[in-house]
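Visitor: Dumping the structure here so I can ask a few things about it.
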Amino acid sequence: MSATVSLQELTAQLEQLEAQAADAIAAAGSAGELEELRVGLLGKKGKLSAVLGAMGKLPGDERPLVGQRANVLKDQVQGLLSERLAAVKGAAMAERIARETLDVTMPPRYIPAGHRHPLISTIEEIVDIFAGLGYRVEEGPEIESDYYNFTALNIPPHHPARDMQDTFYLSDSELLRTHTSPVQIRHLENNPPPVRIVAPGRVYRRDAVDATHSPVFHQVEVLAIDEGLDFSHLRGTVTAFLQQFFGDLPVRFRASYFPFTEPSAEVDVQWRGRWLEVMGCGMVDPAVLEGLGIDPERYSGFAAGLGVERFCMVRHGIDDIRRLFTSDLRFLEQF
């Protein structure tokens with residue numbers, strides 16, 4: 001600024017600043033550019049402040065005229081900045097909407113609702129029945145030691161029963177469990193009687209694959225240990241379970257043999273006019289209880305086990321166990 005200024009000069013500068021500001025604001029294309037313009041025009045070191053700084057050199061009666069004109073300009077600039085900022089944001093939003101627009105006329109990607117696999121629903125139904133009889137669910141590892149899978153269940157090395165349950169060995173002492181009975185042993189090690197548990201899970205045996213056998217299948221086993229339990233409690237429990245699962249059908253018990261129960265029995269139901277073997281059971285052998293430090297003179301118990309695949313196949317009339325493992329949707333959608 002020169003040493004002396006006149007009212008006309010300051011007024012001309014304000015008018016020139018007004019025109020420049022209007023053009024610059026109209027050309028701004030982003031919120032960042034508008035902020036830079038606001039600081040350059042209205043900030044403490046902005047152009048409007050520079051003009052007002054020279055106002056002190058005017059006579060006292062002229063200063064209010066310049067101040068009034070500067071305030072008008074300030075309001076105009078702020079209004080232009082606000083309008084332009086709204087327009088810039090609106091344009092950015094419109095561009096984003098156009099970029100992210102969905103074509104609602106396009107066919108959707110249909111993902112059908114799934115449902116339980118028939119094996120899973122069968123396991124859940126079996127477990128629910130035993131839970132209603134007062135049993136709690138217990139699970140264990142699928143990779144077991146020889147001790148838990150055989151020895152602790154009264155099946156020592158070289159026992160003939162091991163041939164019936166030939167399995168997959170991972171090392172000299174580790175194997176894939178052949179039944180869920182090891183879950184019962186592990187539970188009894190940490191929980192003194194009375195005990196009532198149901199143990200569902202996947203098991204493995206080296207069976208040749210055919211219509212009724214698979215090297216991988218599922219079992220549910222039941223164990224009850226308490227004072228005064230006898231075969232009548234076993235018979236009542238198994239009968240109540242089978243009649244709730246299959247309906248009010250005749251049930252019979254046939255003498256059988258299992259290394260870890262004595263006496264032992266196979267259980268049949270009269271299904272569609274013929275007797276059908278569905279599970280095995282028996283009173284827990286006292287030798288098993290003694291091996292776990294449980295007094296067989298005080299406590300007794302019973303155990304029962306069943307193959308889930310067999311129950312599922314009987315319930316739904318499935319003729320080949322392999323259908324349960326092929327993941328063929330044409331088959332699974334029936335259930």
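By order of appearance in the structure tokens: chains A, B, ..., then residues from 1 within every chain, and ligands from 1 in the order shown.
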Could you name the residues that touch segment 112-121 of chain A at 10 Å or less, counting only C-alpha atoms, but leaving out those on the same chain fewer than 6 positions away, as a list in words?
Guide: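 Near segment 112-121 of chain A, the qualifying residues are Val127, Phe217, His218, Val308, Glu309, Arg310, Phe311, Cys312, Met313, His316, Leu324, Phe325, Ser327, Leu332, Glu333, Gln334 and Phe335 of chain A.
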Visitor: Pick the closest to Leu81 of chain A from A:Ser30, A:Thr212, A:Thr237, A:Ser300: which is it, counting only C-alpha atoms?
Guide: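 Nearest candidate to Leu81 of chain A out of A:Ser30, A:Thr212, A:Thr237, A:Ser300: A:Ser30.
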Visitor: So which one's closest to Asn154 of chain A, A:Asp285, A:Asp75, A:Glu221, A:Asp207? Using only C-alpha atoms, please.
Guide: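 Among A:Asp285, A:Asp75, A:Glu221, A:Asp207, it is A:Asp285 that comes nearest to Asn154 of chain A.
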Visitor: Using DSSP on the backbone coordinates, identify the residues of segment 247-278 of chain A assigned to strand (DSSP E or B); present them as a PDB file with C-alpha atoms, in the first residue's frame.
Guide:
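See out37.pdb below for the written result:
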```pdb
ATOM      1  CA  VAL A 251     -38.270-104.730  21.622  1.00  0.00           C
ATOM      2  CA  ARG A 252     -36.276-107.878  22.418  1.00  0.00           C
ATOM      3  CA  PHE A 253     -32.895-108.563  24.029  1.00  0.00           C
ATOM      4  CA  ARG A 254     -30.635-111.423  22.866  1.00  0.00           C
ATOM      5  CA  ALA A 255     -27.594-112.690  24.764  1.00  0.00           C
ATOM      6  CA  SER A 256     -24.319-111.581  23.196  1.00  0.00           C
ATOM      7  CA  TYR A 257     -20.695-110.834  24.101  1.00  0.00           C
ATOM      8  CA  PHE A 258     -18.689-107.631  24.535  1.00  0.00           C
ATOM      9  CA  THR A 261     -19.811-105.706  29.633  1.00  0.00           C
ATOM     10  CA  GLU A 262     -21.076-108.787  31.452  1.00  0.00           C
ATOM     11  CA  PRO A 263     -23.780-109.870  30.842  1.00  0.00           C
ATOM     12  CA  SER A 264     -24.132-108.441  27.329  1.00  0.00           C
ATOM     13  CA  ALA A 265     -27.022-108.284  24.891  1.00  0.00           C
ATOM     14  CA  GLU A 266     -27.978-107.346  21.367  1.00  0.00           C
ATOM     15  CA  VAL A 267     -31.204-105.376  21.012  1.00  0.00           C
ATOM     16  CA  ASP A 268     -33.751-105.801  18.211  1.00  0.00           C
ATOM     17  CA  VAL A 269     -36.928-103.923  17.287  1.00  0.00           C
ATOM     18  CA  GLN A 270     -39.755-105.355  15.204  1.00  0.00           C
ATOM     19  CA  TRP A 271     -39.611-103.001  12.235  1.00  0.00           C
ATOM     20  CA  ARG A 274     -39.235-108.326  10.847  1.00  0.00           C
ATOM     21  CA  TRP A 275     -36.761-108.200  13.733  1.00  0.00           C
ATOM     22  CA  LEU A 276     -34.007-105.673  13.147  1.00  0.00           C
ATOM     23  CA  GLU A 277     -30.813-105.496  15.213  1.00  0.00           C
ATOM     24  CA  VAL A 278     -30.222-101.883  16.247  1.00  0.00           C
TER      25      VAL A 278
END
```
Visitor: Considering only helix (DSSP H, G or I) as DSSP defines it on the backbone, what residues of segment 144-217 of chain A qualify? List them as a list of chain:residue names.
Guide: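 Taking segment 144-217 of chain A and keeping helix (DSSP H, G or I) gives A:Asp146, A:Tyr147, A:Tyr148, A:Asn149, A:Thr151, A:Ala152, A:Leu153, A:Ala161, A:Arg162, A:Asp163, A:Met164, A:Ser181, A:Pro182, A:Val183, A:Gln184, A:Ile185, A:Arg186, A:His187, A:Leu188, A:Glu189, A:Asn190.
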Visitor: Write out as a list of chain:residue names each polymer residue whose atoms come within 10 Å of Ile25 of chain A, counting only C-alpha atoms; drop sequence neighbours fewer than 5 positions from it.
Guide: A:Gln20, A:Glu33, A:Leu34, A:Leu37, A:Arg38, A:Val77, A:Leu80, A:Leu81, A:Ser82, A:Glu83, A:Arg84, A:Leu85
Visitor: Take the residues just selected and output them with N, CA, C and O atoms as a compact mmCIF listing (two decimals), in the first residue's frame.
Guide:
```
# COMPACT_ATOMS: atom_id res chain seq x y z
N GLN A 20 -12.87 -11.00 -8.17
CA GLN A 20 -11.89 -12.09 -8.18
C GLN A 20 -12.39 -13.28 -7.33
O GLN A 20 -12.24 -14.44 -7.71
N GLU A 33 -10.04 -27.06 -2.14
CA GLU A 33 -9.78 -25.80 -2.83
C GLU A 33 -10.59 -24.67 -2.22
O GLU A 33 -10.10 -23.53 -2.08
N LEU A 34 -11.82 -24.95 -1.86
CA LEU A 34 -12.67 -23.91 -1.25
C LEU A 34 -12.12 -23.48 0.10
O LEU A 34 -12.19 -22.30 0.46
N LEU A 37 -9.30 -21.10 -0.53
CA LEU A 37 -9.81 -19.78 -0.91
C LEU A 37 -10.34 -19.02 0.30
O LEU A 37 -10.14 -17.81 0.44
N ARG A 38 -11.02 -19.71 1.19
CA ARG A 38 -11.55 -19.04 2.39
C ARG A 38 -10.43 -18.45 3.22
O ARG A 38 -10.50 -17.29 3.66
N VAL A 77 -18.86 -13.26 0.25
CA VAL A 77 -17.86 -14.33 0.04
C VAL A 77 -18.24 -15.58 0.82
O VAL A 77 -18.17 -16.71 0.32
N LEU A 80 -21.08 -17.29 -0.95
CA LEU A 80 -20.63 -17.99 -2.16
C LEU A 80 -19.88 -19.28 -1.82
O LEU A 80 -20.04 -20.30 -2.49
N LEU A 81 -19.04 -19.19 -0.78
CA LEU A 81 -18.30 -20.38 -0.36
C LEU A 81 -19.25 -21.49 0.09
O LEU A 81 -19.08 -22.66 -0.28
N SER A 82 -20.26 -21.17 0.86
CA SER A 82 -21.21 -22.16 1.35
C SER A 82 -21.99 -22.79 0.20
O SER A 82 -22.18 -24.02 0.14
N GLU A 83 -22.44 -21.95 -0.74
CA GLU A 83 -23.20 -22.48 -1.88
C GLU A 83 -22.35 -23.41 -2.73
O GLU A 83 -22.81 -24.47 -3.17
N ARG A 84 -21.10 -22.96 -2.97
CA ARG A 84 -20.22 -23.77 -3.82
C ARG A 84 -19.85 -25.08 -3.13
O ARG A 84 -19.78 -26.13 -3.77
N LEU A 85 -19.64 -25.02 -1.80
CA LEU A 85 -19.30 -26.24 -1.07
C LEU A 85 -20.46 -27.24 -1.13
O LEU A 85 -20.25 -28.44 -1.33
```
